[in-house]
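Asks: Structure below; questions to follow.
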Amino acid sequence: MSVQFKPIENKDLEVVSEIYNYYVLNSTATFHLERVDDKELLSTLPPIGHSKYQSFLVLDGQSVCGFCYLSQFRKKEAYDASAEITLYLHPDYTGKGIGKLVLDYMEGVAKKNGIKNLVGVITSENAGSIALFEKQGYFKVGHLKSIGEKFGKWLDVVSYQKQI
């Protein structure tokens, strides 16, 4: 498997929304409750072509195996050296070591763009994502209890941080 990264363009929104909507409908990895359309997806992703907060397709050859992005952590200038890191893999590509490659790549992008801190926000029952972030040197910095409700149950959210 040869993983590569390509900046997301408007023409990629259909495949990105297909992956994202899988998680909307089948998991608690996101707190959206209903499918999102391209317009709403655009409001979730950093602006396409942004120089600091970038988004990428994750490719295995010509196959899209996921997407990832860095987004503004908070809309106050003092936070500008921090970003939230997000990744979603197509369900056929989970558990194959791609998540580690994505985090490594995105940390490099973040460093190049002057970002010093990365924060991952994860539903506490998402053991796979938590394990990935912990293996990559992120440490737990926050725990919000029963902060969202999905599929008839109240869910916790945890935050993991890494200084790069």
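Ligands are numbered from 1 in the order shown, residues from 1 within each chain, and chains are lettered A, B, ... in the order they appear in the structure tokens.
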Could you tell me, as a ChimeraX atom specification, which residues of region 88-129 of chain A DSSP assigns to strand (DSSP E) when given the backbone?

Replies: /A:88-89,117-123

Asks: Within 6 Å of region 78-93 of chain A, counting only C-alpha atoms, which residues show up once you throw out same-chain ones fewer than 6 positions away? Write them as a list of chain:residue names, please.

Replies: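 The residues satisfying every condition are A:Ile19, A:Cys65, A:Gly66, A:Phe67, A:Cys68, A:Tyr69, A:Leu70, A:Ser71, A:Gln72, A:Ile115, A:Lys116, A:Asn117, A:Leu118, A:Val119, A:Gly120.
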
Asks: Mind dumping the selected residues with N, CA and C atoms as an mmCIF file, in the first residue's frame?

Replies:
data_model
loop_
_atom_site.group_PDB
_atom_site.id
_atom_site.type_symbol
_atom_site.label_atom_id
_atom_site.label_comp_id
_atom_site.auth_asym_id
_atom_site.auth_seq_id
_atom_site.Cartn_x
_atom_site.Cartn_y
_atom_site.Cartn_z
ATOM 1 N N ILE A 19 -17.728 9.278 2.509
ATOM 2 C CA ILE A 19 -17.008 8.718 3.662
ATOM 3 C C ILE A 19 -17.570 9.297 4.953
ATOM 4 N N CYS A 65 -8.941 6.506 0.239
ATOM 5 C CA CYS A 65 -9.126 5.714 1.453
ATOM 6 C C CYS A 65 -9.484 6.586 2.648
ATOM 7 N N GLY A 66 -9.579 7.898 2.469
ATOM 8 C CA GLY A 66 -10.009 8.758 3.553
ATOM 9 C C GLY A 66 -9.738 10.211 3.258
ATOM 10 N N PHE A 67 -9.950 11.028 4.282
ATOM 11 C CA PHE A 67 -9.625 12.439 4.195
ATOM 12 C C PHE A 67 -9.216 12.926 5.581
ATOM 13 N N CYS A 68 -8.504 14.047 5.600
ATOM 14 C CA CYS A 68 -8.013 14.603 6.853
ATOM 15 C C CYS A 68 -7.891 16.108 6.693
ATOM 16 N N TYR A 69 -7.897 16.789 7.838
ATOM 17 C CA TYR A 69 -7.728 18.237 7.771
ATOM 18 C C TYR A 69 -7.285 18.817 9.103
ATOM 19 N N LEU A 70 -6.697 19.997 9.005
ATOM 20 C CA LEU A 70 -6.375 20.830 10.155
ATOM 21 C C LEU A 70 -7.357 21.984 10.138
ATOM 22 N N SER A 71 -7.927 22.310 11.291
ATOM 23 C CA SER A 71 -8.861 23.425 11.363
ATOM 24 C C SER A 71 -8.487 24.338 12.518
ATOM 25 N N GLN A 72 -8.966 25.556 12.426
ATOM 26 C CA GLN A 72 -8.697 26.546 13.455
ATOM 27 C C GLN A 72 -9.228 26.033 14.791
ATOM 28 N N ILE A 115 2.241 25.744 13.204
ATOM 29 C CA ILE A 115 1.366 25.252 14.264
ATOM 30 C C ILE A 115 2.210 24.479 15.271
ATOM 31 N N LYS A 116 2.006 24.753 16.544
ATOM 32 C CA LYS A 116 2.811 24.148 17.616
ATOM 33 C C LYS A 116 2.045 23.088 18.402
ATOM 34 N N ASN A 117 0.722 23.150 18.395
ATOM 35 C CA ASN A 117 -0.116 22.235 19.171
ATOM 36 C C ASN A 117 -1.228 21.672 18.301
ATOM 37 N N LEU A 118 -1.429 20.362 18.397
ATOM 38 C CA LEU A 118 -2.540 19.715 17.700
ATOM 39 C C LEU A 118 -3.465 19.100 18.733
ATOM 40 N N VAL A 119 -4.754 19.221 18.478
ATOM 41 C CA VAL A 119 -5.771 18.688 19.375
ATOM 42 C C VAL A 119 -6.701 17.787 18.579
ATOM 43 N N GLY A 120 -6.892 16.577 19.073
ATOM 44 C CA GLY A 120 -7.866 15.653 18.510
ATOM 45 C C GLY A 120 -9.063 15.572 19.451
#

Asks: Looking at A:Asn21, A:Ser55, A:Gln62, A:Thr28, which one is nearest to Ala127 (chain A), with distances taken over only C-alpha atoms?

Replies: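 For Ala127 (chain A), the nearest of the candidates is A:Thr28.
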
Asks: Got a sec: who's within 12 Å of Trp154 (chain A), counting only C-alpha atoms, leaving out chain neighbours fewer than 6 positions off, as a VMD selection string?

Replies: chain A and resid 28 31 123 to 125 144 to 148

Asks: Would you mind exporting the chosen residues as a short mmCIF file (atom, residue, chain, number, x, y, z; two decimals), in the first residue's frame, restricted to N, CA and C atoms?

Replies:
data_model
loop_
_atom_site.label_atom_id
_atom_site.label_comp_id
_atom_site.auth_asym_id
_atom_site.auth_seq_id
_atom_site.Cartn_x
_atom_site.Cartn_y
_atom_site.Cartn_z
N THR A 28 -20.72 6.85 16.20
CA THR A 28 -20.73 8.05 17.04
C THR A 28 -19.44 8.85 16.87
N PHE A 31 -20.98 13.91 15.60
CA PHE A 31 -22.26 14.18 16.25
C PHE A 31 -23.31 14.70 15.28
N THR A 123 -14.96 10.99 20.37
CA THR A 123 -15.97 10.40 21.22
C THR A 123 -15.30 9.33 22.09
N SER A 124 -15.61 9.33 23.38
CA SER A 124 -14.87 8.47 24.31
C SER A 124 -15.04 6.98 24.02
N GLU A 125 -16.10 6.59 23.33
CA GLU A 125 -16.27 5.16 23.03
C GLU A 125 -15.52 4.74 21.77
N LEU A 144 -15.28 15.69 28.49
CA LEU A 144 -16.62 16.27 28.66
C LEU A 144 -17.61 15.12 28.77
N LYS A 145 -18.34 15.07 29.85
CA LYS A 145 -19.25 13.96 30.12
C LYS A 145 -20.64 14.25 29.58
N SER A 146 -21.23 13.23 28.95
CA SER A 146 -22.60 13.29 28.44
C SER A 146 -22.88 14.59 27.69
N ILE A 147 -21.98 14.95 26.78
CA ILE A 147 -22.04 16.24 26.09
C ILE A 147 -22.92 16.20 24.84
N GLY A 148 -23.15 15.00 24.30
CA GLY A 148 -24.00 14.88 23.11
C GLY A 148 -24.81 13.60 23.16
#

Asks: Measuring atom to atom with only C-alpha atoms, identify which of A:Glu107, A:Glu34, A:Glu9, A:Asp156 is nearest to Gly142 (chain A).

Replies: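 Checking each candidate against Gly142 (chain A), we get A:Asp156 as the closest.
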
Asks: Taking only C-alpha atoms into account, which of A:Arg74, A:Glu40, A:Ala29, A:Gln54 comes nearest Val121 (chain A)?

Replies: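 Of all the options, A:Ala29 lies closest to Val121 (chain A).
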
Asks: Apply DSSP to the backbone of this structure and, from region 52-136 of chain A, keep only the residues in alpha helix (DSSP H); write these as a PDB file with C-alpha atoms, in the first residue's frame.

Replies:
ATOM      1  CA  ILE A  98      -3.060   4.326   7.570  1.00  0.00           C
ATOM      2  CA  GLY A  99      -4.112   6.431  10.563  1.00  0.00           C
ATOM      3  CA  LYS A 100      -0.508   6.566  11.771  1.00  0.00           C
ATOM      4  CA  LEU A 101       0.656   7.704   8.327  1.00  0.00           C
ATOM      5  CA  VAL A 102      -2.052  10.376   8.274  1.00  0.00           C
ATOM      6  CA  LEU A 103      -1.082  11.747  11.694  1.00  0.00           C
ATOM      7  CA  ASP A 104       2.613  11.760  10.749  1.00  0.00           C
ATOM      8  CA  TYR A 105       1.874  13.608   7.513  1.00  0.00           C
ATOM      9  CA  MET A 106      -0.459  16.134   9.117  1.00  0.00           C
ATOM     10  CA  GLU A 107       2.024  16.854  11.898  1.00  0.00           C
ATOM     11  CA  GLY A 108       4.567  17.707   9.200  1.00  0.00           C
ATOM     12  CA  VAL A 109       2.076  20.013   7.474  1.00  0.00           C
ATOM     13  CA  ALA A 110       1.246  21.651  10.801  1.00  0.00           C
ATOM     14  CA  LYS A 111       4.931  22.271  11.628  1.00  0.00           C
ATOM     15  CA  LYS A 112       5.526  23.766   8.187  1.00  0.00           C
ATOM     16  CA  ALA A 127     -11.382   3.104  21.265  1.00  0.00           C
ATOM     17  CA  GLY A 128      -9.601   2.758  17.909  1.00  0.00           C
ATOM     18  CA  SER A 129      -9.084   6.505  17.499  1.00  0.00           C
ATOM     19  CA  ILE A 130      -8.043   6.933  21.112  1.00  0.00           C
ATOM     20  CA  ALA A 131      -5.483   4.135  20.760  1.00  0.00           C
ATOM     21  CA  LEU A 132      -4.149   5.690  17.543  1.00  0.00           C
ATOM     22  CA  PHE A 133      -3.687   9.118  19.090  1.00  0.00           C
ATOM     23  CA  GLU A 134      -2.085   7.697  22.241  1.00  0.00           C
ATOM     24  CA  LYS A 135       0.359   5.567  20.195  1.00  0.00           C
TER      25      LYS A 135
END
